[in-house]
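**Student:** Have a look at this one before I ask anything.
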Amino acid sequence: MGDRTVANIVNEVSVAKWTTMQPDYLPQPTSETWLSIASDFNSRWNFPHCVGAIDGKHIVIKKPNKSGSSYYNYKHTFSIVLMAAVDATSKFTFIDVGSMGRFSDGNIFSSCELEKKMVRGSLKLPSPSELPSFQHSMPYVFVGDEAFPLMCNLMRPYPKKQVTDNHENKVFNYRLSRARQTVECAFGILASRFRVFQKPFEIKVSSVVSVVKAACLLHNYLRRNAAVNVDSEDVSTGQLPKEQLVPVSRNRARSVQAAFAVRQKYTAYFNSVGSVEWQDERVSEGQY
């Protein structure tokens, strides 16, 4: 069969997989689902009220015809962006695929459906509640890296200048980084299991989007049905191809004061009643 015929078959199969499997393997989470995810994050990763880890990756593609610099990213390749949130066992709970690679900062997140629902308050997140032995009401949050803005429902690490001589902030960054490993693990497994991610896609952009969405569904299917044990200290399965899945760049958007207050409360919690016995040792090793 010719290349175009094969490309059409791949696209049709990918679309069919999404249509039939998405309601079962990547549904819109409910309040009960968020509570279950938060319980798993607390027990596995010692980060209470966490409902997901967020990250984005540039998926390298062949330059589309007549696209100019629309897909040209900061790594000097052409790409579309996969923005995703995962649960405590590295299963995807939300994906947004297809943003042009030139949007390599906060514009990607601000234009995706997850951020819009977060701002509108339509994610059906549980109401804020007190943490055990901590007399402060805390919202349910996602965790992300420096590429994301600090929001009341999205925690990011302290910048370097605020952790240099501040042990408490280092502890917060370590605890957040530990919980955020789940999304890095998910991308690593996705790239190593589905070899299409090992080199640039050479099909049209709409087909790339369909293939990536189908791969994320199959990833969840295999995670759920293969009974893979996810050890809380070993999430190194799968290595990210450095040339194919590229991190999004940093975000410099301003954050609201209420979000700073939430992060400060988490910092106080992790350095008091919510501390774990090994955190000081990890921080002394530079894991923050």
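Identifiers in the structure tokens: chain A, B, ... in order shown; residue index from 1 per chain; ligand index from 1 in order shown.
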When you look at Asn73 in chain A with a cut-off of 8 Å (counting only C-alpha atoms), what residues show up, excluding the ones that are within fewer than 5 positions of it in the same chain? I need them as a list in words.

**Tutor:**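 Skipping anything fewer than 5 positions along the chain leaves Phe78, Ser79, Gly101, Arg102, Phe103 and Ser104 of chain A.
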
**Student:** Save out the residues we just selected, N, CA and C atoms, as a PDB file, in the first residue's frame.

**Tutor:**
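The resulting file, result-v8.pdb, is shown below:
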ATOM      1  N   PHE A  78      10.403  21.840  14.853  1.00  0.00           N
ATOM      2  CA  PHE A  78       8.978  22.080  14.641  1.00  0.00           C
ATOM      3  C   PHE A  78       8.191  21.102  15.506  1.00  0.00           C
ATOM      4  N   SER A  79       7.123  21.584  16.140  1.00  0.00           N
ATOM      5  CA  SER A  79       6.432  20.719  17.100  1.00  0.00           C
ATOM      6  C   SER A  79       5.004  21.164  17.345  1.00  0.00           C
ATOM      7  N   GLY A 101       3.908  24.821  18.235  1.00  0.00           N
ATOM      8  CA  GLY A 101       5.143  24.821  18.996  1.00  0.00           C
ATOM      9  C   GLY A 101       5.682  26.192  19.340  1.00  0.00           C
ATOM     10  N   ARG A 102       5.322  27.234  18.583  1.00  0.00           N
ATOM     11  CA  ARG A 102       5.854  28.571  18.869  1.00  0.00           C
ATOM     12  C   ARG A 102       5.308  29.105  20.186  1.00  0.00           C
ATOM     13  N   PHE A 103       4.167  28.579  20.649  1.00  0.00           N
ATOM     14  CA  PHE A 103       3.646  28.974  21.952  1.00  0.00           C
ATOM     15  C   PHE A 103       4.338  28.122  23.009  1.00  0.00           C
ATOM     16  N   SER A 104       5.519  28.563  23.406  1.00  0.00           N
ATOM     17  CA  SER A 104       6.351  27.719  24.257  1.00  0.00           C
ATOM     18  C   SER A 104       6.385  28.165  25.709  1.00  0.00           C
TER      19      SER A 104
END

**Student:** Let's see if you can do this: from backbone DSSP, list all helix (DSSP H, G or I) residues in range 53-225 of chain A, as a compact mmCIF listing (two decimals) with N, CA, C and O atoms, in the first residue's frame.

**Tutor:**
# COMPACT_ATOMS: atom_id res chain seq x y z
N GLY A 106 3.66 30.21 28.99
CA GLY A 106 2.36 30.15 29.66
C GLY A 106 1.18 30.27 28.73
O GLY A 106 0.06 29.92 29.11
N ASN A 107 1.40 30.75 27.52
CA ASN A 107 0.28 30.86 26.57
C ASN A 107 -0.32 29.49 26.27
O ASN A 107 -1.52 29.38 26.01
N ILE A 108 0.49 28.44 26.30
CA ILE A 108 -0.01 27.09 26.02
C ILE A 108 -1.00 26.68 27.09
O ILE A 108 -2.11 26.22 26.81
N PHE A 109 -0.60 26.85 28.35
CA PHE A 109 -1.48 26.45 29.44
C PHE A 109 -2.72 27.33 29.52
O PHE A 109 -3.83 26.84 29.73
N SER A 110 -2.54 28.64 29.33
CA SER A 110 -3.68 29.55 29.46
C SER A 110 -4.72 29.34 28.37
O SER A 110 -5.88 29.74 28.53
N SER A 111 -4.32 28.70 27.27
CA SER A 111 -5.28 28.47 26.19
C SER A 111 -5.90 27.08 26.23
O SER A 111 -6.79 26.78 25.43
N GLU A 113 -8.01 23.76 27.87
CA GLU A 113 -9.30 23.64 28.54
C GLU A 113 -9.15 23.47 30.04
O GLU A 113 -9.99 23.94 30.82
N LEU A 114 -8.07 22.83 30.48
CA LEU A 114 -7.88 22.61 31.92
C LEU A 114 -7.76 23.93 32.66
O LEU A 114 -8.38 24.13 33.71
N GLU A 115 -6.97 24.85 32.13
CA GLU A 115 -6.80 26.15 32.78
C GLU A 115 -8.10 26.94 32.78
O GLU A 115 -8.46 27.59 33.78
N LYS A 116 -8.84 26.86 31.68
CA LYS A 116 -10.10 27.59 31.60
C LYS A 116 -11.09 27.07 32.63
O LYS A 116 -11.78 27.84 33.31
N LYS A 117 -11.16 25.74 32.78
CA LYS A 117 -12.06 25.16 33.77
C LYS A 117 -11.60 25.48 35.19
O LYS A 117 -12.41 25.67 36.10
N MET A 118 -10.28 25.55 35.38
CA MET A 118 -9.73 25.87 36.68
C MET A 118 -10.14 27.29 37.09
O MET A 118 -10.54 27.54 38.23
N VAL A 119 -10.04 28.22 36.14
CA VAL A 119 -10.40 29.61 36.40
C VAL A 119 -11.90 29.74 36.63
O VAL A 119 -12.35 30.47 37.52
N ARG A 120 -12.68 29.03 35.82
CA ARG A 120 -14.15 29.10 35.96
C ARG A 120 -14.66 28.35 37.18
O ARG A 120 -15.81 28.55 37.58
N LYS A 160 14.68 30.00 42.34
CA LYS A 160 15.99 29.72 42.95
C LYS A 160 16.40 30.77 43.97
O LYS A 160 16.97 30.45 45.01
N LYS A 161 16.11 32.03 43.68
CA LYS A 161 16.56 33.09 44.58
C LYS A 161 15.84 33.04 45.94
O LYS A 161 16.32 33.65 46.90
N GLN A 162 14.71 32.32 46.00
CA GLN A 162 13.98 32.21 47.26
C GLN A 162 14.29 30.92 48.03
O GLN A 162 13.72 30.69 49.09
N HIS A 167 15.71 27.02 54.17
CA HIS A 167 15.52 25.57 54.27
C HIS A 167 14.06 25.18 54.09
O HIS A 167 13.75 24.17 53.45
N GLU A 168 13.15 25.97 54.65
CA GLU A 168 11.73 25.63 54.55
C GLU A 168 11.26 25.63 53.10
O GLU A 168 10.49 24.75 52.69
N ASN A 169 11.70 26.60 52.32
CA ASN A 169 11.32 26.64 50.91
C ASN A 169 11.94 25.48 50.14
O ASN A 169 11.33 24.94 49.20
N LYS A 170 13.15 25.09 50.52
CA LYS A 170 13.78 23.92 49.89
C LYS A 170 12.95 22.66 50.15
O LYS A 170 12.78 21.82 49.26
N VAL A 171 12.44 22.53 51.37
CA VAL A 171 11.61 21.38 51.72
C VAL A 171 10.35 21.37 50.86
O VAL A 171 9.95 20.32 50.33
N PHE A 172 9.70 22.54 50.70
CA PHE A 172 8.52 22.59 49.86
C PHE A 172 8.84 22.16 48.43
O PHE A 172 8.11 21.37 47.83
N ASN A 173 9.93 22.68 47.88
CA ASN A 173 10.30 22.33 46.51
C ASN A 173 10.57 20.84 46.37
O ASN A 173 10.22 20.22 45.36
N TYR A 174 11.21 20.24 47.39
CA TYR A 174 11.47 18.80 47.34
C TYR A 174 10.16 18.02 47.34
O TYR A 174 9.98 17.09 46.54
N ARG A 175 9.25 18.39 48.24
CA ARG A 175 7.98 17.65 48.34
C ARG A 175 7.16 17.81 47.06
O ARG A 175 6.50 16.86 46.61
N LEU A 176 7.16 19.01 46.48
CA LEU A 176 6.43 19.21 45.22
C LEU A 176 7.09 18.43 44.09
O LEU A 176 6.40 17.79 43.29
N SER A 177 8.42 18.46 44.02
CA SER A 177 9.14 17.74 42.97
C SER A 177 8.88 16.24 43.06
O SER A 177 8.73 15.55 42.04
N ARG A 178 8.79 15.74 44.28
CA ARG A 178 8.54 14.31 44.48
C ARG A 178 7.17 13.92 43.93
O ARG A 178 7.01 12.88 43.28
N ALA A 179 6.16 14.74 44.19
CA ALA A 179 4.82 14.46 43.68
C ALA A 179 4.76 14.63 42.16
O ALA A 179 4.02 13.91 41.48
N ARG A 180 5.56 15.56 41.64
CA ARG A 180 5.53 15.86 40.20
C ARG A 180 6.21 14.78 39.36
O ARG A 180 6.07 14.75 38.13
N GLN A 181 6.95 13.87 40.01
CA GLN A 181 7.61 12.80 39.27
C GLN A 181 6.63 11.95 38.47
O GLN A 181 7.00 11.36 37.45
N THR A 182 5.39 11.89 38.93
CA THR A 182 4.41 11.02 38.28
C THR A 182 4.18 11.39 36.82
O THR A 182 4.00 10.53 35.97
N VAL A 183 4.17 12.70 36.53
CA VAL A 183 3.92 13.11 35.15
C VAL A 183 5.15 12.88 34.28
O VAL A 183 5.04 12.50 33.10
N GLU A 184 6.34 13.06 34.84
CA GLU A 184 7.56 12.74 34.09
C GLU A 184 7.61 11.24 33.79
O GLU A 184 8.03 10.82 32.71
N CYS A 185 7.20 10.45 34.76
CA CYS A 185 7.15 8.99 34.57
C CYS A 185 6.17 8.64 33.45
O CYS A 185 6.47 7.80 32.60
N ALA A 186 5.01 9.29 33.43
CA ALA A 186 4.00 9.01 32.40
C ALA A 186 4.55 9.30 31.01
O ALA A 186 4.39 8.49 30.08
N PHE A 187 5.20 10.45 30.84
CA PHE A 187 5.78 10.78 29.54
C PHE A 187 6.88 9.80 29.15
O PHE A 187 7.03 9.43 27.99
N GLY A 188 7.69 9.40 30.15
CA GLY A 188 8.76 8.46 29.87
C GLY A 188 8.24 7.11 29.40
O GLY A 188 8.75 6.53 28.43
N ILE A 189 7.21 6.61 30.08
CA ILE A 189 6.61 5.33 29.69
C ILE A 189 5.96 5.44 28.32
O ILE A 189 6.10 4.55 27.47
N LEU A 190 5.27 6.55 28.08
CA LEU A 190 4.60 6.77 26.79
C LEU A 190 5.62 6.73 25.65
O LEU A 190 5.40 6.06 24.63
N ALA A 191 6.74 7.41 25.84
CA ALA A 191 7.75 7.49 24.77
C ALA A 191 8.47 6.18 24.55
O ALA A 191 8.84 5.85 23.42
N SER A 192 8.69 5.41 25.63
CA SER A 192 9.42 4.16 25.47
C SER A 192 8.53 3.03 24.98
O SER A 192 8.98 2.12 24.30
N ARG A 193 7.25 3.09 25.31
CA ARG A 193 6.33 2.02 24.92
C ARG A 193 5.86 2.18 23.48
O ARG A 193 5.71 1.20 22.75
N ARG A 195 6.82 3.51 20.00
CA ARG A 195 8.03 3.92 19.31
C ARG A 195 7.82 5.05 18.31
O ARG A 195 8.80 5.62 17.80
N VAL A 196 6.58 5.40 18.04
CA VAL A 196 6.35 6.54 17.14
C VAL A 196 6.90 7.82 17.73
O VAL A 196 7.14 8.80 17.00
N PHE A 197 7.10 7.85 19.06
CA PHE A 197 7.63 9.04 19.71
C PHE A 197 9.15 9.11 19.66
O PHE A 197 9.75 10.05 20.18
N GLN A 198 9.79 8.11 19.06
CA GLN A 198 11.25 8.07 19.06
C GLN A 198 11.87 8.95 17.97
O GLN A 198 13.07 9.19 17.97
N VAL A 205 -0.54 17.31 10.55
CA VAL A 205 -0.71 17.66 11.95
C VAL A 205 -1.97 17.04 12.55
O VAL A 205 -1.95 16.55 13.68
N SER A 206 -3.07 17.05 11.82
CA SER A 206 -4.32 16.49 12.36
C SER A 206 -4.16 15.00 12.67
O SER A 206 -4.72 14.50 13.66
N SER A 207 -3.39 14.29 11.87
CA SER A 207 -3.14 12.88 12.14
C SER A 207 -2.22 12.69 13.33
O SER A 207 -2.39 11.75 14.11
N VAL A 208 -1.24 13.58 13.50
CA VAL A 208 -0.37 13.52 14.68
C VAL A 208 -1.21 13.66 15.95
O VAL A 208 -1.03 12.92 16.93
N VAL A 209 -2.13 14.60 15.93
CA VAL A 209 -3.00 14.82 17.09
C VAL A 209 -3.79 13.55 17.41
O VAL A 209 -3.89 13.12 18.56
N SER A 210 -4.35 12.91 16.39
CA SER A 210 -5.13 11.69 16.58
C SER A 210 -4.28 10.57 17.14
O SER A 210 -4.70 9.83 18.05
N VAL A 211 -3.06 10.41 16.62
CA VAL A 211 -2.17 9.34 17.07
C VAL A 211 -1.77 9.56 18.53
O VAL A 211 -1.76 8.63 19.34
N VAL A 212 -1.44 10.80 18.89
CA VAL A 212 -1.03 11.10 20.27
C VAL A 212 -2.18 10.84 21.24
O VAL A 212 -1.98 10.25 22.31
N LYS A 213 -3.38 11.26 20.88
CA LYS A 213 -4.53 11.02 21.75
C LYS A 213 -4.79 9.52 21.92
O LYS A 213 -5.08 9.05 23.03
N ALA A 214 -4.67 8.76 20.83
CA ALA A 214 -4.87 7.31 20.91
C ALA A 214 -3.79 6.67 21.78
O ALA A 214 -4.06 5.75 22.57
N ALA A 215 -2.54 7.14 21.66
CA ALA A 215 -1.45 6.60 22.46
C ALA A 215 -1.68 6.85 23.95
O ALA A 215 -1.42 5.97 24.79
N CYS A 216 -2.19 8.02 24.29
CA CYS A 216 -2.48 8.33 25.70
C CYS A 216 -3.58 7.42 26.24
O CYS A 216 -3.52 6.96 27.39
N LEU A 217 -4.59 7.15 25.41
CA LEU A 217 -5.65 6.22 25.82
C LEU A 217 -5.10 4.82 26.05
O LEU A 217 -5.41 4.17 27.05
N LEU A 218 -4.29 4.34 25.11
CA LEU A 218 -3.72 3.01 25.25
C LEU A 218 -2.78 2.93 26.45
O LEU A 218 -2.69 1.89 27.11
N HIS A 219 -2.09 4.02 26.72
CA HIS A 219 -1.25 4.09 27.93
C HIS A 219 -2.10 3.84 29.18
O HIS A 219 -1.75 3.03 30.04
N ASN A 220 -3.25 4.54 29.27
CA ASN A 220 -4.14 4.34 30.42
C ASN A 220 -4.69 2.92 30.47
O ASN A 220 -4.81 2.32 31.54
N TYR A 221 -5.05 2.39 29.31
CA TYR A 221 -5.56 1.01 29.24
C TYR A 221 -4.53 0.03 29.80
O TYR A 221 -4.86 -0.84 30.60
N LEU A 222 -3.29 0.19 29.37
CA LEU A 222 -2.25 -0.73 29.83
C LEU A 222 -1.92 -0.52 31.30
O LEU A 222 -1.67 -1.49 32.03
N ARG A 223 -1.93 0.73 31.77
CA ARG A 223 -1.66 0.99 33.18
C ARG A 223 -2.74 0.38 34.06
O ARG A 223 -2.45 -0.14 35.14
N ARG A 224 -3.99 0.42 33.58
CA ARG A 224 -5.09 -0.09 34.39
C ARG A 224 -5.15 -1.62 34.37
O ARG A 224 -5.42 -2.26 35.38
N ASN A 225 -4.87 -2.22 33.21
CA ASN A 225 -5.10 -3.65 33.05
C ASN A 225 -3.85 -4.52 33.19
O ASN A 225 -3.96 -5.73 33.33

**Student:** In Å, rounded to a single decimal, give me how far CA of Ser39 in chain A is from CA of Lys57 in chain A.

**Tutor:** 26.8 Å

**Student:** Hey, what does DSSP flag as strand (DSSP E or B) within range 14-228 of chain A? Can you give it to me as JSON, numbers by chain?

**Tutor:** {"A": [50, 51, 52, 53, 54, 55, 56, 57, 58, 59, 60, 61, 72, 78, 79, 80, 81, 82, 83, 84, 85, 86, 92, 93, 94, 95, 96, 97, 98, 99, 100, 129, 130, 131, 134, 135, 136, 137, 138, 141, 142, 143, 151, 154, 155, 201]}
